Amino acid sequence: MKLLFSIIMGFLLLIPFNSNGQEKIVNYGNIPDELVGYDKYMKAYKYHFLTPIQFYGAGREKLAPNDLKEVRIGFLGPLEGSILVSLGNQMLNGSTLAIEEANKKGGYKGIPFKLMIHNDVGLWGAAANQIVSMDDEKVWAWLGSIDDIVSHVAIRATLKLEIPNVNTGDPDPTFTETNIPWVVRTIPDDRQSSYALVERIYRKDKHSRVAVIRTGSRYGRVGVLHFNRSATRIGFPIIIEERFKDGETDFKGRLDRIKGTSPDAILIWGNATETALILQQIRDLGMKLPVYTSDRAVSQEFLKLAGNLADGIVTTCQYNPDANDPKLKAFKASYTKRFGMEPDVFAAHAYDGMNILIEAINKAGLNRALIRDVLTDLKTFQGYKGVTGVVNFDATWNNVRPIYMAECINGKFRFSPAPPYNKADVIYKKVKRETEY
Amino acid sequence: MKKNSLKFVFITSVALVIIFAAILFLRKPAKAEKSERKENLNEIVLYHQDKFDPGPGSSSSVIKEAKAMPVYGHWQNFTTKDGLPSDKAYAVKIDDDRVWAGTHDGLALYENGKWRTYTSEDGLAHNGVVSIDVSETTGDVWVGTLGGLSRFSEGKFETFNQFNSGLPNDLVYNVCCYGKDVWVATGGGAGRYNTETKQWEIFTELNAPMHEPWTYALSGGEGKVWIAAWGGGVIEYNNQTKKFRDYTDPDGFMEIDLMPDDGPVHDITTATYYANGIIWVSSYFGLSRYDGKNWNGYFDHDSGLASNFINNLKAKGPIVYVCSDKGFSTFNGETWVTYKKNENDENGKAIITNGKEVKEVAQTPSISHNFIIGADADDDVVWVATSKGVSRGEVLR
C-alpha cells in the first residue's frame with residue numbers, strides 16, 4: 001500500500017512539469033538553447049517570431065470574378081541570364097508538372113490553371129517589376145524564387161500588392177524573418193543546415209580548426225552566418241574566412257592562405273561549380289583534410305565536375321531524395337518521363353509548393369486574402385505530406401522539419417537524418433524568459 | 001499496523017503538498033527586466049466614456065487628458081462611392097487646399113469637395129500610386145508609382161523610369177522633395193534627381209553603408225537625408241559632406257530586441273521621418289525615436305502604439321503619425337492618441353494613453369479602416385490612407 005501510494009503521489013507531483021507549456025519553450029527556428037543570442041547572461045526585452053503575424057487589411061470581401069477562362073498563378077525564377085538557370089529550370093519543371101496534373105483533374109472548378117512565367121533576371125530590384133507585372137496579369141498567387149536578393153525584393157512588392165507567395169528555393173534565413181504575412185516557405189533554411197553542420201563537424205567529427213571559403217554573394221554571406229556564430233558560441237571560432245565571386249575558377253591564392261593556417265577541416269559554401277573547382281584545387285595543393293560543403297553540392301553538376309574527389313564530402317540536404325516513399329517515387333518517375341531528367345531538390349520542392357498553392361486556391365476560392373489565410377492558418381498545411389517530406393511551419397511560416405546529412409560514397413550521395421544538436425556539457429545557466437508579450 | 005499506515009499517509013501527503021506548493025512558487029516565470037521608463041500596461045486603470053462629442057471649440061476633460069496632443073474626430077470617409085478610383089489607398093498628401101490620394105487604380109485629387117482621377121491614360125507612369133510629394137519650391141507634384149516616377153507640372157505628366165532616366169527601379173515606394181532634389185526609395189537603391197542639372201545619382205551597397213540596396217522610405221531635413229533600408233536600419237546622408245552613417249540595432253540578431261533603447265528596434269525598417277530634431281523610425285517590430293542623443297523603442301505591449309506592424313509613418317512638428325495594421329497612432333514622445341474602428345460598424349474610438357492611464361473616447365464615425373498605409377497632417381486636419389478608403393479628421397478643441 002505504501003508503495004502504491006508513493007507511486008501515485010509521485011506521479012501527481014510530476015504533473016506540473018509537463019502540464020505548463022511555459023517551461024517547454026520552443027526556440028524560434030529550432031535554435032538550440034546553447035546558441036540563443038545573449039541568453040546565457042540576460043533576457044532579451046522582446047522575442048520576435050514566436051506568434052504569427054496576421055493580415056488585418058481589407059480584401060476578404062471581394063467577390064471572385066465569374067468570367068475567367070484560366071486561373072493564373074505566377075512563377076518567378078532564374079530562367080536566363082543567371083548562374084542559377086539550371087536550378088530555375090528544375091523549379092519551373094516541378095511547378096509545371098504540378099499544374100499539369102491539377103488540370104488533368106479538372107483545374108479549379110473546371111477552369112484550367114495557367115502558369116504566368118517570369119524570369120527574375122537577378123539584377124537589383126528587377127524582381128519588384130516582375131511582381132508588379134504579375135499583379136497586372138491578375139495572378140492569384142505566385143511561386144519563387146531561389147536567389148536571396150531576388151526573393152527579398154519580390155516579397156516586399158508582394159506585401160505591397162498583397163499577393164500570396166510560396167517560396168520553395170531560397171534558404172536565406174532572413175527571408176521569413178521579414179515578418180511579411182503573405183509569404184510561406186517550404187524548403188528548410190540555412191539556419192537548419194548550419195546547426196547540422198556544426199553538430200557534425202565539431203561534435204561528431206571532433207574538429208576544432210575549421211576554415212571557411214564562401215561565395216561573396218548573399219547566399220554565402222547570410223548562409224554561413226549562423227555556422228560562424230554557432231561555431232564561435234561553442235568555443236571554436238572559424239580560423240579563416242575567404243571569399244570568392246561566382247564564376248571564378250582560380251582559388252589557389254586563397255587556398256594557399258587557408259593552408260597556411262593549418263586547418264583540420266574546410267567548409268565550402270557556394271554553388272555546385274565553384275564548390276567542385278575549389279575541392280579539386282584543395283587536393284591539388286596536397287591538403288588531405290576533410291571537406292564539408294553547403295547543400296548546393298547535392299547535384300549532378302557537382303558530382304560530374306568533382307569526379308572521384310567527391311567521395312567523402314559531407315553536406316546537408318533539405319530532404320531525402322532516396323526515401324522509400326511511393327509518393328516520391330511516383331513523382332520522380334513522372335518527372336523523368338515528362339522532362340527527360342531526374343528531379344533535383346528545387347524541382348521536388350517546387351512540385352510540393354505548387355501543389356500546396358493549388359490546394360489553397362481550391363479551398364479558399366479566387367480571393368488573394370482568403371488564399372493567404374488558408375496558406376498561413378498553421379492548420380491546413382501543417383503536417384502536409386509532400387514528396388519532400390512533411391511541412392512543419394513555425395510562426396514565420398518557415399518549414400523547420402528535420403533535414404538530412406548527405407555524404408558522398410562511391411560517387412553517389414547517401415542520405416541519413418541529421419542528428420539532433422547535442423548540448424555541450426558546459427557551465428550554463430539559462431535565464432528564464434516569457435514566451436511572448 | 002493500520003494506524004501506522006494512516007500516519008505515514010498523512011505525513012507523506014502533507015510533505016508532498018508543501019513540496020508541490022514550493023515548486024509552483026519557484027516556477028513562476030522571472031519578471032521581465034524592463035527599463036524603468038517602461039510602463040506595464042497590465043496595470044493601467046481604464047476609463048471609459050461611452051458618449052463623447054465635444055464639437056469644435058468645446059473644452060473637455062478628455063481633450064485635457066491628451067495634453068499637448070491634438071485629438072482628431074469628425075471623420076469623413078471616402079471610397080469609390082465618393083469618387084475614389086479604388087478603395088485601396090496607399091498614400092495621401094495635403095497640398096494647400098487640395099489633397100492628393102494614391103490608390104491602386106489611379107491618382108486622385110480632392111478639390112472643392114470633389115474627387116478627380118488621373119490614370120495612365122492621362123500620362124501617369126502606372127495606375128498604382130504608392131507615394132506622393134509636392135515640391136515646396138516649384139509646386140510640382142511628384143508621384144511614385146508601381147511602374148515609374150511621374151512629375152505632374154502645369155497639368156501634364158512627365159515620366160521617369162529605368163529606361164529613360166537614372167531611376168534605380170520602377171517600383172517607387174517613396175518620393176521626397178528636398179530643396180532642388182527629388183529623392184526616391186526603391187528596391188534597387190535610393191535615387192536623387194537634381195531638378196536643376198537633371199542628373200541622377202544612385203545610392204546602393206556599392207557607395208553607401210547598406211548590406212543591400214533595398215530602400216523603402218526617406219525623409220530630408222537640416223541638410224541631411226535619412227533612408228529606411230530594409231535590413232540596414234536607417235542610413236543618414238549629409239548633403240554637404242556627402243558622407244553616410246548608419247543606425248542599426250546593435251544586438252545583431254533578427255529574432256530578438258535585446259534592449260529597446262539601444263538603437264532602432266530592428267534592422268528591417270519600413271519608414272523614417274525627420275521633424276523637430278527627432279528621427280522617427282518604423283518597422284514591423286515596433287517604433288523608434290532618436291533625439292540626436294538617445295534612442296527610445298516603443299512596442300504595442302508597453303505603450304499606446306496600436307501595433308508593432310507599422311506600414312509607414314510621418315512626422316509634423318513634435319508629433320509622429322504612425323500607420324499600423326491595427327489602427328492609427330499619434331505620439332509626441334509623452335502622450336499617445338490611437339484611433340481604431342470597431343470591427344462591425346462604422347464607429348470606433350480614440351484611445352489616449354498617458355503613462356499608466358488610458359482613456360477611451362467613443363467616435364462616430366471612426367476612420368475608414370484600421371489597416372493604415374499612409375497619412376499626412378497639416379494645421380488642424382489629418383488625412384489617412386487605408387486598406388478601404390481615405391479618411392479626413394479634424395482637430396477637436
# chains A, B, ... in the order shown; residues from 1 in each chain; ligands from 1

$ interface_residues --of "chain A" --to "chain B" --cutoff "6 Å" --atoms "only C-alpha atoms" --output "MDAnalysis selection string"
chainID A and resid 44:48 56:58 124:125 153 432

$ closest_atom_pairs --of "range 53-129 of chain A" --to "range 244-264 of chain A" --cutoff "12 Å" --atoms "only C-alpha atoms" --output "CSV"
residue,atom,partner,partner_atom,distance
A:Ser82,CA,A:Asp246,CA,10.5
A:Ile83,CA,A:Gly247,CA,7.9
A:Leu84,CA,A:Asp246,CA,10.4

$ write_last_selection --atoms "N, CA and C atoms" --output "mmCIF file, in the first residue's frame"
data_model
loop_
_atom_site.group_PDB
_atom_site.id
_atom_site.type_symbol
_atom_site.label_atom_id
_atom_site.label_comp_id
_atom_site.auth_asym_id
_atom_site.auth_seq_id
_atom_site.Cartn_x
_atom_site.Cartn_y
_atom_site.Cartn_z
ATOM 1 N N SER A 82 21.416 34.089 -65.702
ATOM 2 C CA SER A 82 21.809 33.902 -64.304
ATOM 3 C C SER A 82 22.611 32.606 -64.177
ATOM 4 N N ILE A 83 23.500 32.560 -63.198
ATOM 5 C CA ILE A 83 24.249 31.314 -62.974
ATOM 6 C C ILE A 83 23.361 30.232 -62.361
ATOM 7 N N LEU A 84 22.151 30.620 -61.997
ATOM 8 C CA LEU A 84 21.243 29.662 -61.354
ATOM 9 C C LEU A 84 20.208 29.094 -62.326
#

$ closest_residue --among "A:Val390, A:Met116, A:Ala330, A:Ile409" --to "Leu303 in chain A" --atoms "only C-alpha atoms"
A:Ile409

$ residues_around --residues "Asn239 in chain B" --least-positions-apart "3" --cutoff "8 Å" --atoms "only C-alpha atoms" --output "compact mmCIF listing (two decimals) with C-alpha atoms, in the first residue's frame"
# COMPACT_ATOMS: atom_id res chain seq x y z
CA GLY B 223 20.90 69.35 -44.81
CA LYS B 224 20.56 65.62 -44.35
CA VAL B 225 18.51 62.81 -45.82
CA LYS B 242 28.43 63.73 -48.92
CA LYS B 243 29.16 61.24 -46.20

$ residues_around --residues "Gly233 in chain B" --least-positions-apart "4" --cutoff "8 Å" --atoms "only C-alpha atoms" --output "list of chain:residue names"
B:Ala228, B:Ala229, B:Asp246, B:Tyr247, B:Thr248, B:Asp249, B:Pro264, B:His266, B:Asp267, B:Ile268, B:Thr269

$ write_last_selection --atoms "C-alpha atoms" --output "PDB file, in the first residue's frame"
ATOM      1  CA  ALA B 228      14.982  53.499 -44.340  1.00  0.00           C
ATOM      2  CA  ALA B 229      16.948  50.497 -45.609  1.00  0.00           C
ATOM      3  CA  ASP B 246      24.113  54.227 -40.436  1.00  0.00           C
ATOM      4  CA  TYR B 247      21.951  53.477 -37.438  1.00  0.00           C
ATOM      5  CA  THR B 248      21.310  49.801 -36.803  1.00  0.00           C
ATOM      6  CA  ASP B 249      20.080  47.625 -33.993  1.00  0.00           C
ATOM      7  CA  PRO B 264      16.396  51.132 -33.835  1.00  0.00           C
ATOM      8  CA  HIS B 266      15.017  46.256 -35.723  1.00  0.00           C
ATOM      9  CA  ASP B 267      17.176  46.477 -38.851  1.00  0.00           C
ATOM     10  CA  ILE B 268      14.254  45.797 -41.161  1.00  0.00           C
ATOM     11  CA  THR B 269      12.873  49.307 -41.290  1.00  0.00           C
TER      12      THR B 269
END

$ atom_distance --atom1 "CA of Tyr298 in chain B" --atom2 "CA of Trp182 in chain A"
24.7 Å

$ residues_around --residues "Val387 in chain A" --least-positions-apart "2" --cutoff "8 Å" --atoms "only C-alpha atoms" --output "ChimeraX atom specification"
/A:325,327-328,331,348-349,352,385,389

$ atom_distance --atom1 "CA of Gln90 in chain A" --atom2 "CA of Gln130 in chain A"
19.8 Å

$ residues_around --residues "range 228-243 of chain A" --least-positions-apart "4" --cutoff "7 Å" --atoms "only C-alpha atoms" --output "NGL selection string"
:A and (35 or 198 or 208-216 or 224 or 254 or 258)

$ write_last_selection --atoms "C-alpha atoms" --output "short mmCIF file (atom, residue, chain, number, x, y, z; two decimals), in the first residue's frame"
data_model
loop_
_atom_site.label_atom_id
_atom_site.label_comp_id
_atom_site.auth_asym_id
_atom_site.auth_seq_id
_atom_site.Cartn_x
_atom_site.Cartn_y
_atom_site.Cartn_z
CA LEU A 35 23.03 29.04 -29.34
CA VAL A 198 28.17 22.45 -36.52
CA SER A 208 38.43 22.44 -33.85
CA ARG A 209 40.28 24.45 -36.53
CA VAL A 210 37.84 24.94 -39.38
CA ALA A 211 38.47 27.21 -42.36
CA VAL A 212 35.63 28.63 -44.45
CA ILE A 213 35.73 29.61 -48.10
CA ARG A 214 32.48 31.01 -49.40
CA THR A 215 30.86 32.88 -52.24
CA GLY A 216 30.73 36.62 -51.72
CA VAL A 224 27.37 30.90 -43.45
CA ARG A 254 43.05 31.93 -51.15
CA ILE A 258 43.97 28.75 -45.80
#

$ residues_around --residues "Thr117 in chain B" --least-positions-apart "3" --cutoff "9 Å" --atoms "only C-alpha atoms" --output "PyMOL selection string"
chain B and resi 83-85+106-109

$ select_by_dssp --residues "range 145-338 of chain B" --states "strand (DSSP E or B)" --output "ChimeraX atom specification"
/B:145,148-153,156-160,172-178,181-186,189-194,199-203,215-221,224-230,233-238,244-247,256-257,268-275,278-283,287-290,295-298,310-316,319-324,327-331,335-338

$ atom_distance --atom1 "CA of Val374 in chain A" --atom2 "CA of Ile31 in chain A"
27.0 Å

$ closest_residue --among "A:Trp140, A:Glu101, A:Tyr351, A:Lys43" --to "Ile371 in chain A" --atoms "only C-alpha atoms"
A:Trp140

$ closest_residue --among "A:Asn179, A:Ser217, A:Asn167, A:Asn27" --to "Gly144 in chain A" --atoms "only C-alpha atoms"
A:Asn167

$ select_by_dssp --residues "range 70-138 of chain A" --states "alpha helix (DSSP H)" --output "PyMOL selection string"
chain A and resi 85-104+126-137

$ decode --residues "range 253-385 of chain B" --atoms "C-alpha atoms" --output "PDB file, in the first residue's frame"
ATOM      1  CA  PHE B 253      20.021  39.306 -34.085  1.00  0.00           C
ATOM      2  CA  MET B 254      16.869  39.281 -36.168  1.00  0.00           C
ATOM      3  CA  GLU B 255      14.879  37.257 -33.658  1.00  0.00           C
ATOM      4  CA  ILE B 256      15.260  39.498 -30.618  1.00  0.00           C
ATOM      5  CA  ASP B 257      15.474  43.084 -29.474  1.00  0.00           C
ATOM      6  CA  LEU B 258      17.925  42.838 -26.610  1.00  0.00           C
ATOM      7  CA  MET B 259      17.323  46.343 -25.301  1.00  0.00           C
ATOM      8  CA  PRO B 260      14.631  48.690 -26.613  1.00  0.00           C
ATOM      9  CA  ASP B 261      16.581  51.910 -26.136  1.00  0.00           C
ATOM     10  CA  ASP B 262      19.923  50.974 -27.682  1.00  0.00           C
ATOM     11  CA  GLY B 263      19.073  51.912 -31.284  1.00  0.00           C
ATOM     12  CA  PRO B 264      16.396  51.132 -33.835  1.00  0.00           C
ATOM     13  CA  VAL B 265      14.300  48.233 -32.554  1.00  0.00           C
ATOM     14  CA  HIS B 266      15.017  46.256 -35.723  1.00  0.00           C
ATOM     15  CA  ASP B 267      17.176  46.477 -38.851  1.00  0.00           C
ATOM     16  CA  ILE B 268      14.254  45.797 -41.161  1.00  0.00           C
ATOM     17  CA  THR B 269      12.873  49.307 -41.290  1.00  0.00           C
ATOM     18  CA  THR B 270       9.762  50.352 -43.170  1.00  0.00           C
ATOM     19  CA  ALA B 271       9.897  54.159 -42.915  1.00  0.00           C
ATOM     20  CA  THR B 272      11.740  57.045 -41.350  1.00  0.00           C
ATOM     21  CA  TYR B 273      10.846  60.681 -40.895  1.00  0.00           C
ATOM     22  CA  TYR B 274      12.694  63.678 -39.547  1.00  0.00           C
ATOM     23  CA  ALA B 275      10.888  66.568 -37.850  1.00  0.00           C
ATOM     24  CA  ASN B 276      11.542  68.883 -34.950  1.00  0.00           C
ATOM     25  CA  GLY B 277      15.008  67.465 -34.314  1.00  0.00           C
ATOM     26  CA  ILE B 278      13.663  63.928 -33.962  1.00  0.00           C
ATOM     27  CA  ILE B 279      14.233  60.947 -36.246  1.00  0.00           C
ATOM     28  CA  TRP B 280      11.325  58.520 -36.149  1.00  0.00           C
ATOM     29  CA  VAL B 281      11.820  55.004 -37.471  1.00  0.00           C
ATOM     30  CA  SER B 282       9.163  52.379 -38.099  1.00  0.00           C
ATOM     31  CA  SER B 283       9.452  48.643 -38.581  1.00  0.00           C
ATOM     32  CA  TYR B 284       7.269  45.531 -38.497  1.00  0.00           C
ATOM     33  CA  PHE B 285       8.607  45.056 -34.965  1.00  0.00           C
ATOM     34  CA  GLY B 286       7.886  48.387 -33.282  1.00  0.00           C
ATOM     35  CA  LEU B 287       8.649  52.128 -33.361  1.00  0.00           C
ATOM     36  CA  SER B 288      11.886  54.001 -32.584  1.00  0.00           C
ATOM     37  CA  ARG B 289      12.602  57.614 -31.729  1.00  0.00           C
ATOM     38  CA  TYR B 290      16.027  59.271 -31.811  1.00  0.00           C
ATOM     39  CA  ASP B 291      16.564  62.787 -30.478  1.00  0.00           C
ATOM     40  CA  GLY B 292      20.189  63.011 -31.556  1.00  0.00           C
ATOM     41  CA  LYS B 293      21.409  61.630 -28.262  1.00  0.00           C
ATOM     42  CA  ASN B 294      19.122  58.896 -27.043  1.00  0.00           C
ATOM     43  CA  TRP B 295      17.099  56.180 -28.730  1.00  0.00           C
ATOM     44  CA  ASN B 296      13.740  55.067 -27.416  1.00  0.00           C
ATOM     45  CA  GLY B 297      11.878  51.979 -28.536  1.00  0.00           C
ATOM     46  CA  TYR B 298       8.113  51.536 -28.334  1.00  0.00           C
ATOM     47  CA  PHE B 299       6.066  48.363 -28.655  1.00  0.00           C
ATOM     48  CA  ASP B 300       2.369  47.637 -28.502  1.00  0.00           C
ATOM     49  CA  HIS B 301       2.779  45.918 -25.144  1.00  0.00           C
ATOM     50  CA  ASP B 302       4.467  48.810 -23.361  1.00  0.00           C
ATOM     51  CA  SER B 303       2.944  51.932 -24.924  1.00  0.00           C
ATOM     52  CA  GLY B 304      -0.130  53.295 -26.684  1.00  0.00           C
ATOM     53  CA  LEU B 305       1.123  52.081 -30.073  1.00  0.00           C
ATOM     54  CA  ALA B 306      -1.697  50.346 -31.970  1.00  0.00           C
ATOM     55  CA  SER B 307       0.521  47.557 -33.344  1.00  0.00           C
ATOM     56  CA  ASN B 308       4.165  46.656 -33.850  1.00  0.00           C
ATOM     57  CA  PHE B 309       3.460  46.101 -37.548  1.00  0.00           C
ATOM     58  CA  ILE B 310       3.946  49.610 -38.915  1.00  0.00           C
ATOM     59  CA  ASN B 311       3.429  50.209 -42.618  1.00  0.00           C
ATOM     60  CA  ASN B 312       4.522  53.830 -42.672  1.00  0.00           C
ATOM     61  CA  LEU B 313       4.903  56.983 -40.615  1.00  0.00           C
ATOM     62  CA  LYS B 314       5.097  60.723 -40.988  1.00  0.00           C
ATOM     63  CA  ALA B 315       6.042  63.451 -38.513  1.00  0.00           C
ATOM     64  CA  LYS B 316       4.942  67.052 -38.247  1.00  0.00           C
ATOM     65  CA  GLY B 317       6.449  69.220 -35.528  1.00  0.00           C
ATOM     66  CA  PRO B 318       6.740  67.121 -32.402  1.00  0.00           C
ATOM     67  CA  ILE B 319       4.074  64.635 -33.455  1.00  0.00           C
ATOM     68  CA  VAL B 320       4.528  61.383 -35.310  1.00  0.00           C
ATOM     69  CA  TYR B 321       1.661  59.815 -37.249  1.00  0.00           C
ATOM     70  CA  VAL B 322       2.028  56.044 -37.217  1.00  0.00           C
ATOM     71  CA  CYS B 323       0.268  53.899 -39.818  1.00  0.00           C
ATOM     72  CA  SER B 324      -0.135  50.377 -38.437  1.00  0.00           C
ATOM     73  CA  ASP B 325      -2.096  47.302 -39.396  1.00  0.00           C
ATOM     74  CA  LYS B 326      -4.372  47.660 -36.364  1.00  0.00           C
ATOM     75  CA  GLY B 327      -5.068  51.370 -36.181  1.00  0.00           C
ATOM     76  CA  PHE B 328      -3.702  54.887 -36.492  1.00  0.00           C
ATOM     77  CA  SER B 329      -1.451  56.102 -33.679  1.00  0.00           C
ATOM     78  CA  THR B 330      -0.167  59.600 -32.943  1.00  0.00           C
ATOM     79  CA  PHE B 331       2.520  60.357 -30.382  1.00  0.00           C
ATOM     80  CA  ASN B 332       4.623  63.293 -29.220  1.00  0.00           C
ATOM     81  CA  GLY B 333       7.093  61.474 -27.016  1.00  0.00           C
ATOM     82  CA  GLU B 334       4.771  61.589 -24.000  1.00  0.00           C
ATOM     83  CA  THR B 335       1.140  61.106 -24.937  1.00  0.00           C
ATOM     84  CA  TRP B 336      -0.372  58.627 -27.361  1.00  0.00           C
ATOM     85  CA  VAL B 337      -3.663  59.004 -29.171  1.00  0.00           C
ATOM     86  CA  THR B 338      -4.619  55.921 -31.132  1.00  0.00           C
ATOM     87  CA  TYR B 339      -7.653  55.683 -33.396  1.00  0.00           C
ATOM     88  CA  LYS B 340      -9.386  52.384 -34.009  1.00  0.00           C
ATOM     89  CA  LYS B 341     -12.528  51.490 -35.868  1.00  0.00           C
ATOM     90  CA  ASN B 342     -14.973  48.945 -34.490  1.00  0.00           C
ATOM     91  CA  GLU B 343     -14.980  45.674 -36.349  1.00  0.00           C
ATOM     92  CA  ASN B 344     -18.688  45.514 -37.094  1.00  0.00           C
ATOM     93  CA  ASP B 345     -19.848  49.088 -37.521  1.00  0.00           C
ATOM     94  CA  GLU B 346     -18.668  52.500 -38.674  1.00  0.00           C
ATOM     95  CA  ASN B 347     -17.909  53.750 -35.182  1.00  0.00           C
ATOM     96  CA  GLY B 348     -14.739  53.484 -33.194  1.00  0.00           C
ATOM     97  CA  LYS B 349     -12.677  55.114 -30.523  1.00  0.00           C
ATOM     98  CA  ALA B 350      -9.710  57.320 -29.754  1.00  0.00           C
ATOM     99  CA  ILE B 351      -7.509  55.829 -27.057  1.00  0.00           C
ATOM    100  CA  ILE B 352      -5.473  58.360 -25.092  1.00  0.00           C
ATOM    101  CA  THR B 353      -2.524  56.915 -23.215  1.00  0.00           C
ATOM    102  CA  ASN B 354      -0.533  58.898 -20.685  1.00  0.00           C
ATOM    103  CA  GLY B 355       1.868  56.663 -18.832  1.00  0.00           C
ATOM    104  CA  LYS B 356      -0.298  54.265 -16.878  1.00  0.00           C
ATOM    105  CA  GLU B 357      -3.563  55.986 -17.596  1.00  0.00           C
ATOM    106  CA  VAL B 358      -5.655  55.108 -20.601  1.00  0.00           C
ATOM    107  CA  LYS B 359      -8.838  56.874 -21.596  1.00  0.00           C
ATOM    108  CA  GLU B 360     -11.071  55.681 -24.395  1.00  0.00           C
ATOM    109  CA  VAL B 361     -13.263  58.108 -26.263  1.00  0.00           C
ATOM    110  CA  ALA B 362     -16.072  56.864 -28.482  1.00  0.00           C
ATOM    111  CA  GLN B 363     -16.080  58.277 -32.007  1.00  0.00           C
ATOM    112  CA  THR B 364     -18.930  58.365 -34.517  1.00  0.00           C
ATOM    113  CA  PRO B 365     -17.939  57.682 -37.213  1.00  0.00           C
ATOM    114  CA  SER B 366     -14.398  56.407 -36.989  1.00  0.00           C
ATOM    115  CA  ILE B 367     -11.619  56.071 -39.533  1.00  0.00           C
ATOM    116  CA  SER B 368     -12.425  54.157 -42.680  1.00  0.00           C
ATOM    117  CA  HIS B 369     -10.382  51.047 -41.825  1.00  0.00           C
ATOM    118  CA  ASN B 370      -7.812  50.019 -39.232  1.00  0.00           C
ATOM    119  CA  PHE B 371      -5.203  48.941 -41.802  1.00  0.00           C
ATOM    120  CA  ILE B 372      -3.424  52.253 -42.326  1.00  0.00           C
ATOM    121  CA  ILE B 373      -0.917  52.675 -45.139  1.00  0.00           C
ATOM    122  CA  GLY B 374      -0.280  56.427 -45.358  1.00  0.00           C
ATOM    123  CA  ALA B 375      -1.015  59.706 -43.593  1.00  0.00           C
ATOM    124  CA  ASP B 376      -0.450  63.436 -43.793  1.00  0.00           C
ATOM    125  CA  ALA B 377      -1.276  66.250 -41.402  1.00  0.00           C
ATOM    126  CA  ASP B 378      -1.465  69.998 -41.713  1.00  0.00           C
ATOM    127  CA  ASP B 379      -2.653  72.543 -39.164  1.00  0.00           C
ATOM    128  CA  ASP B 380      -5.906  71.171 -37.821  1.00  0.00           C
ATOM    129  CA  VAL B 381      -6.511  68.402 -40.306  1.00  0.00           C
ATOM    130  CA  VAL B 382      -5.231  64.881 -40.769  1.00  0.00           C
ATOM    131  CA  TRP B 383      -5.711  62.625 -43.807  1.00  0.00           C
ATOM    132  CA  VAL B 384      -5.284  58.881 -43.671  1.00  0.00           C
ATOM    133  CA  ALA B 385      -4.937  56.335 -46.495  1.00  0.00           C
TER     134      ALA B 385
END
